[in-house]
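Asks: Encoded as structure tokens, here's the structure I'll be asking about.
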Amino acid sequence: MATERYNAPAREPHWQQAWRDANVDAAKNDTTLPKCYVLEMFPYPSGRIHVGHSRNYTMGDVFARYKRAKGFNVLHPMGWDAFGMPAENAAMERNVHPGNWTHENIAAMREQLKSMGFSIDWDREFATCDANYYEHQQKLFLDLLDKDLAYRKSSKVNWDPVDQTVLANEQVIDGCGWRSGAPVETKELTQWFFRISKYSDELLEALDTLDKWPEKVRLMQANWIGRSEGVAIRWALNDDTAPADHKELEVYTTRPDTLFGASFLAVAADHPLAKAAAENNADLAAFCEECRHLGTSVADIETAEKKGFDTGITARHPFNPDWELPVWVANFVLMDYGTGAIFACPAGDQRDLDFARKYDLPVTPVILPDGKSADTFEINDEAFDGDGTMINSDFMNGMTTDAAFEAAADKLAGLQLSDAPVGERQTNYRLRDWGISRQRYWGCPIPIIHCDDCGSVPVPAADLPVKLPDDYIDFDTPGNPLDRHPTWKNVNCPICGKPSRRETDTMDTFVDSSWYYVRFTAPHAKKPVDSEQAGYWLPVDQYIGGIEHAILHLLYSRFFFRAISDAGHAPAGGKNLREPFAALFTQGMVTHEAYFQPNPEGGKPIWIEPSKVSFSGEGKDRKAALAESGDPVEIAGIEKMSKSKKNVVDLDEFINNYGADTARWFVLSDSPPERDVLYTDVGVEGARRFVQRVWRLIDDAADKASPKASEKPKEFNSESTILRKAAHKSLDAVGKHIEGLRFNVAVATLYDFANQFGSALQKTAKDGASDDMKWVLREAAELMTQMIAPMMPHLAEECWARLGYNTLIANQRWPAAEQALLVDDEMTIAVQVNGKRRDELTISVSASKSDIETAALALEPVIKALDGKPVKKVIVVPKRIVNVVA
RNA sequence: GCGGACGUGGUGAAAUCGGUAGACACAAGGGACUUAAAAUCCCUCGGCCCUAGGCCAUGCGGGUUCAAGUCCCGCCGUCCGCACCA
């Protein structure tokens, strides 16, 4: 009997090598097999992997290994989302080339992933910064351009005047650039765009088909797309008040029903009418200028006062030409939604009401809430935007809100203004086209050449890739390094041959991640998409990643997949695939308590690594201090593991101490996978103990069990039957739980089975094992090993070898549970009297409802609870419950 | 402001369709083995009255139902997303 501890850190590399030698991780090149494409969102190579990162790869790996064992041809690839700002920041801080920095990180992280034993098809690995990846992306860009799905236009951007670059909205903090701290300016820049708006409707409608996506994500996307049904109304302007060439003003509204409550019209400060009116009105011009400087941050919007300026222009009400309304410029009207102009009904909109009260404009209620009287109802400080009955509304009086919408829209469509209908029904979207230009070096170059004569000319496909220069990069000067490169941008026009200049903007890195999952299906293909391979492998059967990508990455991918399909890169197979990810799972983070000391010089606190902290006291009195000096340390609470808060646990260190299987088991245990899991030393201890426990069980069973491939006994005694049933029921349950990604429940099922297996083994130590029990011990040990294999693959191999096999368990099929063992001969049913549990009844599963009823009514506690009262009704639900109603 | 999710022991959590609430684990307490420790194994473990047994318990208050953690309505709390979107 060998009861040595299992030395995971020493044994795991051995099995990883064995898998490599047997090539178990590679997807098979056989498109007749049933396939399963499992993908975790690929990482940004930021440095090193910590335990927090490892969780979603572990989940994907368990699923992939399980599916492979179930007989699927599994594609489980890995790559690197390798372009982006951190590499340029590192270049600035450490004077290293972004490419070198990135590749060093990739090398380190690849080794870490391998040391976790992830079953990844490494032959398909690529980084988005590889020219053989981005050359295909450049081709896709050109094809989109050809189909008018990419275009160039001038647009307003957040501009950091110090760093000389465009900032995303998220990079603007309190109106200042996140790096430079300089006040952000609004600037007009000519930028490249993808026409995602063309797909607004399809992207919205198709959300309903994504039944294996979290409801939350679908909702967030629907809100983001933001479809609204309304009416575009053209108002005639009075000639004597309006600037020349401004005869009318178009507004967009979702509430044409409230037209009789109109009080004024308002346009954005950037609206052409505002600009025209400001030309000979210095005060108005000043007001518009002030609006332009208004911040766009959340805080700015919340605190900004509603302000306006009367242009003196008046407009005629569409339903009553004699009714004149003033046109204001208002700071809360946005130029880039609808038409940049609104009509205001203060009674029905809080902003309009605040504005009307401030500038003393009329307020006419037009909707009477249900249950209110028209005589007493009035609007004070609160607008009413609900449904009700129309009042003060001419032909709409008495109608419901919905009916009034229809009536107003129809009437507007029938009215004429300069030979066209006054109003037209219109669908509006919040979603805007995707601006992809970035003034950065470390990104995919946009393959365009600007020629003074020929305009923006696509780089001929034969000249791709347009490679980034790697000879000279000056990162110390603000602005786009590509633009400053002495020679890179100089090129001759492909059409006329005249000296021209390359586009120096690079693509948003979200473009890189919008099609990498397609490229994984044929990463070495000469064209961007190998239709056959894409047709076989796509869609991704299970996609796993963080909720932080609920909108941007996932929406961009859904769009880009459609766009490239429509531009000639559709997957083959006649599936007319539109959605790239059939199932999505958003996993929770690993959290860890974080500690800090206040910064004596003020500013950001100094974060302390948990390993340097010691504790005293408990509960509220729990105190933390530096272990070395005893200096007090503040406990910041539970935070997501992140490098900046120093509360990460390095993966290499963990694996050296405990082994990869302990890490895998720990991140799968306890918390449901979609929720955060708290990293604690005792939690890790628990996982480590279980690894040893499984090893002891199998080791012990291997000694006691019959040899492998022994003949199955004809009969089993009751004790061995109990163990057999437990094993097969667990097998069935674990499979279902992995399939449903309920890893924490699968873990609990295995703990449970380990307990039962352990008890059975203990009994044999006392009483010895019968021949049939010896056979069952082997069966149980083998099933146990197979059940843990997706989650703790190294340990499973070790156990498999201990059980006498010289094959790899990674190549074994998932065993089928014997159905007969999953059903019991007897069932235990709770018996209630008037809904209160009084006893339970164990009876044959074949018992009829009336048998059950009779047996239940004969139970002593039932008779006692009834206390002689007559039975009115007995509800019998076989296998579940009996309820006696008295 | 709009939209959504969640709320179960000391802790992380289980609980197909509405059908025995608390599986499994952690922590805690007790015991066995040991010269001792580690490791391991066994027992107890929601609260109250404690006696077989009973009563109360899934944030709070109602409702539907033979039966509610689960469904419906209203509160309270926590978290998340969007946000001057006409």
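Residues in the structure tokens are named by chain (A, B, ... in the order shown) and by number from 1 within that chain; ligands are numbered from 1 in the order shown.
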At a cut-off of 8 Å, list the chain B residues touching chain A, using only C-alpha atoms (C1' of nucleotides), as a ChimeraX atom specification.

Replies: /B:4-5,12-14,19-20,24-26,66-67,81-82,84-86

Asks: Take the residues from that selection and write them out as a short mmCIF file (atom, residue, chain, number, x, y, z; two decimals), in the first residue's frame, keeping N, CA, C and O atoms (P, O5', C5', C4', C3', O3' and C1' of nucleotides).

Replies:
data_model
loop_
_atom_site.label_atom_id
_atom_site.label_comp_id
_atom_site.auth_asym_id
_atom_site.auth_seq_id
_atom_site.Cartn_x
_atom_site.Cartn_y
_atom_site.Cartn_z
P G B 4 -37.37 46.73 -16.81
"O5'" G B 4 -36.11 45.88 -16.32
"C5'" G B 4 -35.49 44.96 -17.20
"C4'" G B 4 -34.14 44.55 -16.68
"C3'" G B 4 -34.13 43.72 -15.41
"O3'" G B 4 -34.52 42.39 -15.63
"C1'" G B 4 -32.39 45.32 -15.33
P A B 5 -35.20 41.55 -14.43
"O5'" A B 5 -33.93 41.12 -13.57
"C5'" A B 5 -32.95 40.25 -14.13
"C4'" A B 5 -31.72 40.25 -13.26
"C3'" A B 5 -31.93 39.75 -11.84
"O3'" A B 5 -31.91 38.34 -11.79
"C1'" A B 5 -30.71 41.76 -11.77
P G B 12 -21.91 34.76 2.32
"O5'" G B 12 -21.25 33.67 1.36
"C5'" G B 12 -20.01 33.96 0.74
"C4'" G B 12 -19.60 32.79 -0.13
"C3'" G B 12 -20.66 32.30 -1.11
"O3'" G B 12 -20.73 33.13 -2.25
"C1'" G B 12 -19.68 30.45 -0.04
P A B 13 -22.11 33.32 -2.99
"O5'" A B 13 -22.39 31.84 -3.48
"C5'" A B 13 -23.66 31.25 -3.31
"C4'" A B 13 -23.45 29.78 -3.28
"C3'" A B 13 -24.64 28.97 -3.75
"O3'" A B 13 -24.47 28.74 -5.15
"C1'" A B 13 -23.99 28.22 -1.60
P A B 14 -25.70 28.42 -6.03
"O5'" A B 14 -25.79 26.89 -5.66
"C5'" A B 14 -27.00 26.38 -5.44
"C4'" A B 14 -26.93 24.93 -5.23
"C3'" A B 14 -28.28 24.33 -5.61
"O3'" A B 14 -28.20 23.82 -6.90
"C1'" A B 14 -27.85 23.94 -3.32
P G B 19 -40.96 22.99 -6.88
"O5'" G B 19 -41.60 22.00 -5.82
"C5'" G B 19 -41.82 22.43 -4.48
"C4'" G B 19 -42.29 21.27 -3.65
"C3'" G B 19 -41.56 19.97 -3.95
"O3'" G B 19 -41.40 19.27 -2.74
"C1'" G B 19 -43.89 19.68 -4.28
P U B 20 -40.04 19.40 -1.94
"O5'" U B 20 -40.39 18.54 -0.65
"C5'" U B 20 -41.42 18.97 0.24
"C4'" U B 20 -40.95 18.73 1.65
"C3'" U B 20 -39.66 19.46 2.03
"O3'" U B 20 -39.74 19.85 3.39
"C1'" U B 20 -39.36 17.16 2.29
P C B 24 -24.36 16.65 2.26
"O5'" C B 24 -23.28 17.42 1.38
"C5'" C B 24 -22.75 16.83 0.21
"C4'" C B 24 -21.87 17.82 -0.51
"C3'" C B 24 -20.83 18.52 0.38
"O3'" C B 24 -19.69 17.72 0.62
"C1'" C B 24 -21.92 20.13 -0.92
P A B 25 -18.91 17.85 1.99
"O5'" A B 25 -18.26 19.30 1.84
"C5'" A B 25 -17.21 19.51 0.91
"C4'" A B 25 -16.91 20.99 0.81
"C3'" A B 25 -16.38 21.64 2.07
"O3'" A B 25 -15.00 21.40 2.24
"C1'" A B 25 -18.06 23.00 1.11
P C B 26 -14.39 21.39 3.69
"O5'" C B 26 -14.40 22.93 4.11
"C5'" C B 26 -13.58 23.85 3.40
"C4'" C B 26 -13.88 25.26 3.85
"C3'" C B 26 -13.73 25.53 5.33
"O3'" C B 26 -12.37 25.68 5.72
"C1'" C B 26 -15.71 26.51 4.57
P C B 66 -56.82 25.35 -4.03
"O5'" C B 66 -55.91 24.62 -2.94
"C5'" C B 66 -56.50 24.18 -1.72
"C4'" C B 66 -55.52 23.28 -1.00
"C3'" C B 66 -54.10 23.83 -0.87
"O3'" C B 66 -53.99 24.70 0.24
"C1'" C B 66 -54.01 21.60 -1.65
P A B 67 -53.13 26.03 0.11
"O5'" A B 67 -51.67 25.48 -0.18
"C5'" A B 67 -50.95 24.84 0.88
"C4'" A B 67 -49.64 24.32 0.36
"C3'" A B 67 -48.74 25.36 -0.29
"O3'" A B 67 -48.01 26.06 0.69
"C1'" A B 67 -48.83 23.42 -1.64
P G B 81 -21.65 49.19 -14.50
"O5'" G B 81 -22.69 49.27 -15.69
"C5'" G B 81 -22.66 48.32 -16.74
"C4'" G B 81 -23.88 48.48 -17.60
"C3'" G B 81 -24.11 49.87 -18.16
"O3'" G B 81 -23.30 50.15 -19.27
"C1'" G B 81 -26.13 49.06 -17.29
P C B 82 -22.76 51.64 -19.50
"O5'" C B 82 -24.07 52.41 -19.95
"C5'" C B 82 -24.72 52.07 -21.17
"C4'" C B 82 -26.02 52.79 -21.29
"C3'" C B 82 -25.95 54.31 -21.20
"O3'" C B 82 -25.49 54.91 -22.39
"C1'" C B 82 -27.73 53.55 -19.87
P C B 84 -26.80 62.16 -21.89
"O5'" C B 84 -28.15 63.01 -21.99
"C5'" C B 84 -29.25 62.65 -21.15
"C4'" C B 84 -30.29 63.73 -21.22
"C3'" C B 84 -30.78 64.02 -22.63
"O3'" C B 84 -32.20 64.12 -22.65
"C1'" C B 84 -30.06 66.00 -21.58
P C B 85 -33.10 62.78 -22.61
"O5'" C B 85 -32.92 62.27 -24.10
"C5'" C B 85 -33.78 62.74 -25.16
"C4'" C B 85 -33.92 61.66 -26.19
"C3'" C B 85 -34.10 60.27 -25.54
"O3'" C B 85 -35.35 59.67 -25.76
"C1'" C B 85 -32.15 60.32 -26.98
P A B 86 -36.28 59.42 -26.75
"O5'" A B 86 -37.15 60.75 -26.69
"C5'" A B 86 -37.82 61.16 -27.84
"C4'" A B 86 -38.15 62.61 -27.67
"C3'" A B 86 -38.58 63.32 -28.96
"O3'" A B 86 -39.95 63.10 -29.23
"C1'" A B 86 -36.95 64.62 -27.88
#

Asks: DSSP on the backbone: which residues in segment 54-211 of chain A end up as helix (DSSP H, G or I)? Give the answer as number ranges by chain.

Replies: A: 54-69, 85-94, 98-115, 122-124, 131-146, 169-171, 196-209

Asks: In segment 581-822 of chain A, what's strand (DSSP E) per DSSP? Answer as an mmCIF file with C-alpha atoms, in the first residue's frame?

Replies:
data_model
loop_
_atom_site.group_PDB
_atom_site.id
_atom_site.type_symbol
_atom_site.label_atom_id
_atom_site.label_comp_id
_atom_site.auth_asym_id
_atom_site.auth_seq_id
_atom_site.Cartn_x
_atom_site.Cartn_y
_atom_site.Cartn_z
ATOM 1 C CA LEU A 584 -22.575 33.262 -24.497
ATOM 2 C CA PHE A 585 -21.590 32.895 -20.886
ATOM 3 C CA THR A 586 -20.408 35.827 -18.794
ATOM 4 C CA VAL A 590 -11.937 36.308 -8.726
ATOM 5 C CA THR A 591 -11.839 38.796 -5.873
ATOM 6 C CA HIS A 592 -9.375 39.186 -3.051
ATOM 7 C CA GLU A 593 -9.135 41.425 -0.033
ATOM 8 C CA ALA A 594 -6.932 44.452 -0.743
ATOM 9 C CA TYR A 595 -4.800 46.525 1.633
ATOM 10 C CA PHE A 596 -3.249 49.961 1.529
ATOM 11 C CA GLN A 597 -1.473 52.666 3.444
ATOM 12 C CA ILE A 606 0.002 52.883 -1.556
ATOM 13 C CA TRP A 607 -1.338 49.366 -2.128
ATOM 14 C CA ILE A 608 0.238 46.510 -0.186
ATOM 15 C CA VAL A 613 0.170 41.646 5.686
ATOM 16 C CA SER A 614 -0.544 39.951 9.024
ATOM 17 C CA PHE A 615 -3.740 40.114 11.061
ATOM 18 C CA SER A 616 -4.955 40.334 14.629
ATOM 19 C CA LYS A 623 -6.715 44.655 12.226
ATOM 20 C CA ALA A 624 -4.100 44.402 9.548
ATOM 21 C CA ALA A 625 -0.435 45.359 9.806
ATOM 22 C CA LEU A 626 2.756 44.945 7.858
ATOM 23 C CA PRO A 632 -0.826 49.457 10.611
ATOM 24 C CA VAL A 633 -2.412 48.833 7.234
ATOM 25 C CA GLU A 634 -5.926 49.741 6.083
ATOM 26 C CA ILE A 635 -8.226 46.994 4.847
ATOM 27 C CA ALA A 636 -9.793 48.242 1.617
ATOM 28 C CA GLY A 637 -12.306 45.400 1.375
ATOM 29 C CA ILE A 638 -12.942 42.810 -1.288
ATOM 30 C CA GLU A 639 -11.844 43.910 -4.735
ATOM 31 C CA LYS A 640 -11.503 42.314 -8.131
ATOM 32 C CA VAL A 677 -15.539 34.040 -6.228
ATOM 33 C CA LEU A 678 -13.493 35.195 -3.240
#

Asks: Go through A:Pro494, A:Pro445, A:Pro214, A:Pro326 and flag the residue nearest Ala582 of chain A, using only C-alpha atoms for the distances.

Replies: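 Distance minimum relative to Ala582 of chain A lands on A:Pro214.
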
Asks: Would you list the contacts of Phe287 of chain A as a ChimeraX atom specification, taking every protein, DNA or RNA residue within 10 Å and counting only C-alpha atoms (C1' of nucleotides), but skipping same-chain residues closer than 6 positions in sequence?

Replies: /A:269,278,307-309,329-331

Asks: Keeping N, CA, C and O atoms, export the residues of the selection given above as a CSV table (one decimal), in the first residue's frame.

Replies:
chain,number,residue,atom,x,y,z
A,269,ALA,N,-27.2,74.0,-30.3
A,269,ALA,CA,-26.3,75.2,-30.6
A,269,ALA,C,-25.6,75.0,-31.9
A,269,ALA,O,-25.2,76.0,-32.5
A,278,ALA,N,-27.2,83.3,-35.5
A,278,ALA,CA,-26.1,83.9,-34.7
A,278,ALA,C,-25.2,84.8,-35.5
A,278,ALA,O,-24.5,85.6,-35.0
A,307,LYS,N,-30.5,75.8,-20.1
A,307,LYS,CA,-30.3,77.2,-20.5
A,307,LYS,C,-30.7,77.4,-21.9
A,307,LYS,O,-30.6,76.4,-22.7
A,308,GLY,N,-31.2,78.6,-22.2
A,308,GLY,CA,-31.6,78.8,-23.6
A,308,GLY,C,-31.5,80.2,-24.1
A,308,GLY,O,-31.1,81.1,-23.2
A,309,PHE,N,-31.7,80.4,-25.3
A,309,PHE,CA,-31.6,81.8,-25.9
A,309,PHE,C,-32.7,81.9,-27.0
A,309,PHE,O,-32.8,81.0,-27.9
A,329,VAL,N,-32.7,78.5,-28.9
A,329,VAL,CA,-31.5,77.6,-28.9
A,329,VAL,C,-31.4,77.1,-27.4
A,329,VAL,O,-31.4,77.9,-26.5
A,330,ALA,N,-31.3,75.7,-27.3
A,330,ALA,CA,-31.3,75.2,-25.9
A,330,ALA,C,-30.0,74.3,-25.7
A,330,ALA,O,-29.7,73.5,-26.6
A,331,ASN,N,-29.4,74.4,-24.5
A,331,ASN,CA,-28.2,73.6,-24.3
A,331,ASN,C,-28.5,72.1,-24.1
A,331,ASN,O,-27.5,71.3,-24.1

Asks: What lies within 12 Å of G7 of chain B using only C-alpha atoms (C1' of nucleotides), ignoring chain neighbours under 4 positions off, as a PyMOL selection string?

Replies: chain B and resi 58-60+69+76-79

Asks: Do you know which residues are at most 9 Å from segment 764-771 of chain A counting only C-alpha atoms (C1' of nucleotides), after dropping those on the same chain fewer than 2 positions away, and could you put them as a ChimeraX atom specification?

Replies: /A:704-706,713,717,720,759-762,773-776

Asks: How about saving the chosen residues, C-alpha atoms kept, as a PDB file, in the first residue's frame?

Replies:
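Okay, part33.pdb is ready:
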ATOM      1  CA  LYS A 704      -8.491  -3.512  -3.158  1.00  0.00           C
ATOM      2  CA  ALA A 705     -10.289  -3.700  -6.463  1.00  0.00           C
ATOM      3  CA  SER A 706     -10.322  -6.531  -8.946  1.00  0.00           C
ATOM      4  CA  PRO A 713     -20.353 -10.252 -11.770  1.00  0.00           C
ATOM      5  CA  ASN A 717     -25.249  -7.561  -3.176  1.00  0.00           C
ATOM      6  CA  SER A 720     -22.181  -2.961  -3.800  1.00  0.00           C
ATOM      7  CA  SER A 759     -17.371   5.201   3.323  1.00  0.00           C
ATOM      8  CA  ALA A 760     -17.577   2.092   1.153  1.00  0.00           C
ATOM      9  CA  LEU A 761     -13.801   1.765   1.172  1.00  0.00           C
ATOM     10  CA  GLN A 762     -13.675   2.147   4.942  1.00  0.00           C
ATOM     11  CA  MET A 773     -17.681  -5.363  -4.309  1.00  0.00           C
ATOM     12  CA  LYS A 774     -14.125  -5.646  -5.623  1.00  0.00           C
ATOM     13  CA  TRP A 775     -15.469  -5.272  -9.126  1.00  0.00           C
ATOM     14  CA  VAL A 776     -17.596  -2.288  -8.082  1.00  0.00           C
TER      15      VAL A 776
END

Asks: How many Å lie between atom CA of Asp121 of chain A and atom CA of Asp81 of chain A, rounded to one decimal?

Replies: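 Atom CA of Asp81 of chain A lies 17.0 Å from atom CA of Asp121 of chain A.
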
Asks: Could you give me, as a VMD selection string, the residues within 6 Å of segment 310-321 of chain A, counting only C-alpha atoms (C1' of nucleotides) and dropping anything in the same chain fewer than 5 positions from it?

Replies: chain A and resid 236 to 238 241 to 242 326 to 328

Asks: Between atom CA of Val162 of chain A and atom CA of Glu289 of chain A, what is the distance, to one decimal in Å?

Replies: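 These atoms are spaced 22.2 Å apart.
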
Asks: Please provide as a ChimeraX atom specification all residues within 6 Å of segment 103-116 of chain A, with the sequence filter that same-chain residues fewer than 6 positions apart are discarded (counting only C-alpha atoms (C1' of nucleotides)).

Replies: /A:45,47-48,660

Asks: Could you take the residues named above and write them with N, CA and C atoms, as a short mmCIF file (atom, residue, chain, number, x, y, z; two decimals), in the first residue's frame?

Replies:
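So again00.cif came out as:
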data_model
loop_
_atom_site.label_atom_id
_atom_site.label_comp_id
_atom_site.auth_asym_id
_atom_site.auth_seq_id
_atom_site.Cartn_x
_atom_site.Cartn_y
_atom_site.Cartn_z
N PRO A 45 -2.20 40.89 -23.99
CA PRO A 45 -0.95 40.44 -23.35
C PRO A 45 -0.32 41.55 -22.51
N GLY A 47 1.15 41.32 -19.51
CA GLY A 47 2.28 41.02 -18.65
C GLY A 47 2.25 39.58 -18.21
N ARG A 48 1.64 39.36 -17.06
CA ARG A 48 1.58 38.00 -16.56
C ARG A 48 0.15 37.64 -16.20
N ALA A 660 -1.52 22.96 -10.74
CA ALA A 660 -2.56 23.56 -11.57
C ALA A 660 -3.95 23.03 -11.22
#
